Amino acid sequence: MEKGEIGVIVEGVGILRKELFKHTVTLACDARVKDLAKKIKLKKGVQIAFFRNGKRLKMNGKLRDGDTIKVIPLVFGG
Amino acid sequence: MYGNTGKVAYINCTTRVVEEVSLQEDMYKKFIGGSGLAAKLFWDYADFNAAPFSERSVLIFANGPLAGMPLSGTSRMSAVARSPLTGAFAESSCGGYFPPQLKYAGYDGIIITGKCTLPSIIHIAQGSFNIISSEELWGKTIDEAYSTIKERYGGRSRTLIIGPAGENGVAYACILSDAHHAFGRCGLGAIMGSKNIKAIVIEPHQTVIKYFEEQKVKRLIKELTPRIKEYIISQVLHEFGSAGNLEGHMYTGDVPVKNWTSNFNEEMAEKLTGSTLTEKYLTKTGTCAYCIIACKRIVKVDEGPYSIPEGPGPEYETVAALGCLLGSGDLAAVCKAGRLCSEFGLDTISTGATIAWAMEAFERGDLTEKETGGISLQWGDMQTVIDTIIPSIARKEGPLGHLFAQGSKAAAKTIGKDSINYTAQSKGLEAPMHDPRGGGHGHALAYAVSPRGACHVSTAMHFMETGACNYPEIGFEFDLEALTDEKKPETMMLATAIGSIENSACFCQYADRSLTFAEMVGILNAVTGYNYSLQDALDAGWRIYHLKRLINHRFGLKASDDALTDRMLEPARDGEPQGIMINFNGMIQRFYELMNLDHVEGIATIDTLHKYGLEQEAALVWKKGK
């Protein structure tokens, strides 16, 4: 990681667990959730939401170095 | 007649007389089939003074017009009665292989009244019905009875069977089809048991169904099948079952934990979610007739205290009700508890919800070992749930069995101490495992105004509120925020009609999710020749909804029964929805205005009922009500 960058740990949940293994994503230090979203490529048609410490983040929410972000598939039913 | 057969069987178990009743085409067009047709037949044939277990009560099964066509999601049927759990209108739907067989036998439904003198089965072969005494089956679990019946009538026969819970009058006993697919809710298994009917068995029939537009039906099946298969929800359901996104639901706050005292438990979510079930215990998938989704789970737990042989596995509702709600993250235990409920014939939602309420009552000291017969109730104690509680409920054994077999509302009334405030039910029906405080506020409204009580499948609200579908052709293009009341009553109005159509056409809510509303109506028209416009179809949906509310009114229900408990409306204590209030009163008032429901009687105004062609029904109820 270079100066002016942050590392965010990203992990898919449930049906995304196999597709999105736990790994670190490097972003600019002023990165927001929407920037992270652009870096994640998932199956077509799966809407996702981002959670930090059990709370949903808005797309404009600011990320911090060392954050663990869970990526939740928004597939409903059951 | 197209799609439908035009007749139902009327069986009087007391006199053992079976009659064939022809139905007019107009009745089908007004009430579609399935749930709507069954409600209309209930209106026409029920004795409204009869208690649920009275000899005079009726139990009605009805197919939808699509049953028997080779398209995913069409092999479902509905059953209705007066619920022993709620005292109100009961309905439940079920998939599997029985619905097409009944259609092929030449019948759209079965109306059952009276009571057999001895435990019996209803046997349908070569288009005729016979009542056969079968005392040897009484007392057997559903699995045991299923094996015996299959040996006797052949592997291709299809069955509806009750377990000991139904025989013993447990208020939330279910009926299982082919020992796997459930008419789960409202206690219909106990109604069947009260009539001394252990099973309904149908042998294969070959009647060819005529469609209004044969070529168009074939084309639609060819066009829609790959789309249904490729739809993301279908893929998730196939790979991971209906619990496929339990973990995702947990993050949004949709999954109730420990009797709705929590909306978030990360560890539990990971241990119980559908992908874990697939990895650890799935041996193969199961399906309903003609369905390519195959969302059913077949599981086997090889080792440990909760080992079970290969057989039906839990769906989402079962995993959440017998896991999260009881404070357990032990998936093997959930599989075993679910299997036990299937063998005894218990609805897993009401079973889990009643036990969860009791665990909290015990923790608070509102329920003691005096009332439970010396049994201690602790969160997550699955050994006691499996070894003692579930069998006691099914057999109505001991004080615990008798208390819990009534369901949570009646049990709370029995022990008092304001314990009803922390039940999670509406009209006495325990809520399913989607907590509106996190899953979407519109769902609180859906639970409250559902005729059968707290229900997530009588409307399309769950899917519409969470963005899983959009119907611009009927004005639904809302991009809704789940945790607000904004546009929820308006959405609920449409969701009510769509849900009624789905449950009356008997179209699976998973399989039809990828279809437009116009396509759903197009299939109905091609099969039946109803020639519905989109507005006609919506009107049929609302007509059915209003009729069910009229039935409830005749059972004494009013607007005040469209309510939720304190627990369901208190702000969530943790997770994503923590602290957010639901504007329940605002939503329900607006919904009443939109639907022209009387704010005291809880039924539509006379003008509205006339608009939907319910003149005779309106005259009877409004004359009685005022």
# chains A, B, ... in the order shown; residues from 1 in each chain; ligands from 1

call {"tool": "interface_residues", "arguments": {"of": "chain B", "to": "chain A", "cutoff": "7 Å", "atoms": "only C-alpha atoms", "output": "PyMOL selection string"}}
result
chain B and resi 232-233+242-245+247-248+251+273+275+316-317+463+468+575-576

call {"tool": "residues_around", "arguments": {"residues": "Gly313 of chain B", "least_positions_apart": "3", "cutoff": "8 Å", "atoms": "only C-alpha atoms", "output": "ChimeraX atom specification"}}
result
/B:282,296-299,335,338-339

call {"tool": "atom_distance", "arguments": {"atom1": "atom CA of Glu203 of chain B", "atom2": "atom CA of Ile124 of chain B"}}
result
6.3 Å

call {"tool": "residues_around", "arguments": {"residues": "Lys558 of chain B", "least_positions_apart": "2", "cutoff": "6 Å", "atoms": "only C-alpha atoms", "output": "list of chain:residue names"}}
result
B:Ser560, B:Asp561, B:Glu601, B:Gly602

call {"tool": "atom_distance", "arguments": {"atom1": "atom CA of Gly106 of chain B", "atom2": "atom CA of Phe212 of chain B"}}
result
17.0 Å

call {"tool": "residues_around", "arguments": {"residues": "segment 25-29 of chain A", "least_positions_apart": "5", "cutoff": "9 Å", "atoms": "only C-alpha atoms", "output": "list in words"}}
result
Met1, Lys3, Gly4, Glu5, Ile6, Gly7, Val8, Ile9, Val10, Asp35, Leu36, Lys39, Leu63, Arg64 and Asp65 of chain A

call {"tool": "write_last_selection", "arguments": {"atoms": "N, CA and C atoms", "output": "mmCIF file, in the first residue's frame"}}
result
data_model
loop_
_atom_site.group_PDB
_atom_site.id
_atom_site.type_symbol
_atom_site.label_atom_id
_atom_site.label_comp_id
_atom_site.auth_asym_id
_atom_site.auth_seq_id
_atom_site.Cartn_x
_atom_site.Cartn_y
_atom_site.Cartn_z
ATOM 1 N N MET A 1 0.839 -1.191 0.000
ATOM 2 C CA MET A 1 0.000 0.000 0.000
ATOM 3 C C MET A 1 0.883 1.253 0.000
ATOM 4 N N LYS A 3 1.558 5.504 0.113
ATOM 5 C CA LYS A 3 1.105 6.650 0.905
ATOM 6 C C LYS A 3 -0.142 7.261 0.249
ATOM 7 N N GLY A 4 -1.087 7.626 1.083
ATOM 8 C CA GLY A 4 -2.323 8.190 0.531
ATOM 9 C C GLY A 4 -3.339 7.130 0.174
ATOM 10 N N GLU A 5 -3.064 5.876 0.565
ATOM 11 C CA GLU A 5 -4.035 4.801 0.301
ATOM 12 C C GLU A 5 -4.467 4.151 1.616
ATOM 13 N N ILE A 6 -5.624 3.482 1.560
ATOM 14 C CA ILE A 6 -6.088 2.715 2.718
ATOM 15 C C ILE A 6 -6.373 1.281 2.283
ATOM 16 N N GLY A 7 -6.374 0.377 3.264
ATOM 17 C CA GLY A 7 -6.713 -1.013 2.989
ATOM 18 C C GLY A 7 -8.014 -1.376 3.684
ATOM 19 N N VAL A 8 -8.931 -1.924 2.924
ATOM 20 C CA VAL A 8 -10.240 -2.311 3.470
ATOM 21 C C VAL A 8 -10.426 -3.808 3.262
ATOM 22 N N ILE A 9 -10.775 -4.502 4.326
ATOM 23 C CA ILE A 9 -10.994 -5.955 4.216
ATOM 24 C C ILE A 9 -12.435 -6.187 3.767
ATOM 25 N N VAL A 10 -12.590 -6.910 2.681
ATOM 26 C CA VAL A 10 -13.918 -7.143 2.095
ATOM 27 C C VAL A 10 -14.245 -8.626 2.157
ATOM 28 N N ASP A 35 -16.876 3.873 -4.189
ATOM 29 C CA ASP A 35 -15.598 3.546 -4.829
ATOM 30 C C ASP A 35 -15.279 2.057 -4.658
ATOM 31 N N LEU A 36 -15.595 1.554 -3.484
ATOM 32 C CA LEU A 36 -15.403 0.123 -3.239
ATOM 33 C C LEU A 36 -16.324 -0.693 -4.145
ATOM 34 N N LYS A 39 -15.115 -1.508 -7.491
ATOM 35 C CA LYS A 39 -14.012 -2.479 -7.571
ATOM 36 C C LYS A 39 -14.479 -3.930 -7.427
ATOM 37 N N LEU A 63 -14.918 5.437 4.003
ATOM 38 C CA LEU A 63 -14.256 4.230 4.494
ATOM 39 C C LEU A 63 -12.998 4.610 5.259
ATOM 40 N N ARG A 64 -12.603 3.713 6.192
ATOM 41 C CA ARG A 64 -11.398 3.983 6.992
ATOM 42 C C ARG A 64 -10.402 2.842 6.800
ATOM 43 N N ASP A 65 -9.159 3.154 6.985
ATOM 44 C CA ASP A 65 -8.117 2.131 6.874
ATOM 45 C C ASP A 65 -8.395 1.031 7.906
#

call {"tool": "select_by_dssp", "arguments": {"residues": "segment 32-188 of chain B", "states": "alpha helix (DSSP H)", "output": "VMD selection string"}}
result
chain B and resid 34 to 45 98 to 104 142 to 153 164 to 167 188

call {"tool": "residues_around", "arguments": {"residues": "segment 577-592 of chain B", "least_positions_apart": "6", "cutoff": "8 Å", "atoms": "only C-alpha atoms", "output": "number ranges by chain"}}
result
B: 252-253, 263, 437-438, 441-442, 444-445, 483-485, 488-490, 492-493, 569-571, 598-599

call {"tool": "residues_around", "arguments": {"residues": "Pro99 of chain B", "least_positions_apart": "4", "cutoff": "10 Å", "atoms": "only C-alpha atoms", "output": "PyMOL selection string"}}
result
chain B and resi 61-64+66-68+74-78+94-95+103-105+107-109+158+177+288-289+506

call {"tool": "atom_distance", "arguments": {"atom1": "atom CA of Pro84 of chain B", "atom2": "atom CA of Ala337 of chain B"}}
result
23.4 Å

call {"tool": "residues_around", "arguments": {"residues": "segment 25-39 of chain B", "least_positions_apart": "4", "cutoff": "8 Å", "atoms": "only C-alpha atoms", "output": "list in words"}}
result
Met1, Gly6, Trp43, Ile60, Phe61, Ala62, Asn63, Gly64, Pro65, Met77, Ser78, Ala79, Val80, Glu91, Ser93, Ser500, Ile501, Asn503, Ser504, Ala505, Cys506, Tyr530, Ala540, Gly541, Arg543, Ile544, Leu547 and Lys548 of chain B

call {"tool": "write_last_selection", "arguments": {"atoms": "N, CA and C atoms", "output": "compact mmCIF listing (two decimals), in the first residue's frame"}}
result
# COMPACT_ATOMS: atom_id res chain seq x y z
N MET B 1 -65.23 -26.27 -20.50
CA MET B 1 -64.46 -25.38 -19.63
C MET B 1 -62.96 -25.64 -19.86
N GLY B 6 -64.44 -27.94 -13.83
CA GLY B 6 -65.84 -27.55 -13.67
C GLY B 6 -66.57 -28.30 -12.58
N TRP B 43 -67.72 -19.84 1.75
CA TRP B 43 -68.84 -18.92 1.97
C TRP B 43 -70.17 -19.64 1.71
N ILE B 60 -61.90 -27.51 2.89
CA ILE B 60 -61.98 -27.45 1.42
C ILE B 60 -60.58 -27.38 0.81
N PHE B 61 -60.35 -28.23 -0.17
CA PHE B 61 -59.12 -28.17 -0.97
C PHE B 61 -59.50 -27.69 -2.37
N ALA B 62 -58.69 -26.81 -2.93
CA ALA B 62 -59.01 -26.34 -4.29
C ALA B 62 -57.75 -26.12 -5.11
N ASN B 63 -57.80 -26.62 -6.31
CA ASN B 63 -56.72 -26.42 -7.28
C ASN B 63 -56.84 -25.07 -7.96
N GLY B 64 -55.76 -24.61 -8.52
CA GLY B 64 -55.82 -23.46 -9.40
C GLY B 64 -55.97 -23.92 -10.84
N PRO B 65 -56.34 -23.02 -11.72
CA PRO B 65 -56.53 -23.41 -13.12
C PRO B 65 -55.25 -23.84 -13.82
N MET B 77 -51.78 -25.97 -4.58
CA MET B 77 -53.21 -25.88 -4.32
C MET B 77 -53.44 -25.23 -2.96
N SER B 78 -54.68 -24.86 -2.71
CA SER B 78 -55.04 -24.19 -1.46
C SER B 78 -55.99 -25.05 -0.64
N ALA B 79 -55.98 -24.82 0.66
CA ALA B 79 -56.96 -25.45 1.54
C ALA B 79 -57.48 -24.39 2.49
N VAL B 80 -58.77 -24.44 2.80
CA VAL B 80 -59.36 -23.47 3.72
C VAL B 80 -60.30 -24.18 4.70
N GLU B 91 -56.39 -20.46 5.87
CA GLU B 91 -56.00 -20.96 4.56
C GLU B 91 -54.52 -21.29 4.56
N SER B 93 -51.42 -23.00 1.61
CA SER B 93 -51.21 -23.55 0.28
C SER B 93 -50.05 -24.55 0.32
N SER B 500 -53.43 -12.22 -3.98
CA SER B 500 -54.67 -12.99 -4.16
C SER B 500 -54.67 -13.72 -5.49
N ILE B 501 -54.18 -13.05 -6.51
CA ILE B 501 -54.13 -13.70 -7.84
C ILE B 501 -53.15 -14.88 -7.81
N ASN B 503 -52.16 -16.69 -5.27
CA ASN B 503 -52.65 -17.80 -4.44
C ASN B 503 -53.90 -18.45 -5.02
N SER B 504 -54.60 -17.75 -5.90
CA SER B 504 -55.80 -18.32 -6.50
C SER B 504 -55.48 -19.02 -7.82
N ALA B 505 -54.55 -18.43 -8.56
CA ALA B 505 -54.05 -19.15 -9.74
C ALA B 505 -53.17 -20.31 -9.28
N CYS B 506 -52.76 -20.24 -8.01
CA CYS B 506 -51.85 -21.22 -7.40
C CYS B 506 -50.52 -21.23 -8.13
N TYR B 530 -60.48 -16.76 -19.59
CA TYR B 530 -61.17 -15.77 -18.75
C TYR B 530 -61.22 -14.41 -19.46
N ALA B 540 -60.37 -9.01 -9.59
CA ALA B 540 -60.61 -10.36 -9.06
C ALA B 540 -59.81 -10.55 -7.77
N GLY B 541 -58.56 -10.06 -7.77
CA GLY B 541 -57.73 -10.16 -6.56
C GLY B 541 -58.35 -9.43 -5.39
N ARG B 543 -61.53 -8.62 -5.08
CA ARG B 543 -62.80 -9.28 -4.75
C ARG B 543 -62.55 -10.41 -3.75
N ILE B 544 -61.52 -11.20 -4.05
CA ILE B 544 -61.21 -12.35 -3.18
C ILE B 544 -60.79 -11.87 -1.80
N LEU B 547 -63.82 -10.74 0.10
CA LEU B 547 -64.66 -11.88 0.50
C LEU B 547 -64.10 -12.53 1.77
N LYS B 548 -62.79 -12.69 1.83
CA LYS B 548 -62.19 -13.31 3.02
C LYS B 548 -62.42 -12.44 4.26

call {"tool": "select_by_dssp", "arguments": {"residues": "segment 131-344 of chain B", "states": "strand (DSSP E or B)", "output": "ChimeraX atom specification"}}
result
/B:131-133,158-161,173,175-177,181-183,197-202,257,262,282-286,296-301,308-312

call {"tool": "closest_residue", "arguments": {"among": "B:Glu310, B:Glu151, B:Val201, B:Ser450", "to": "Ser120 of chain B", "atoms": "only C-alpha atoms"}}
result
B:Val201
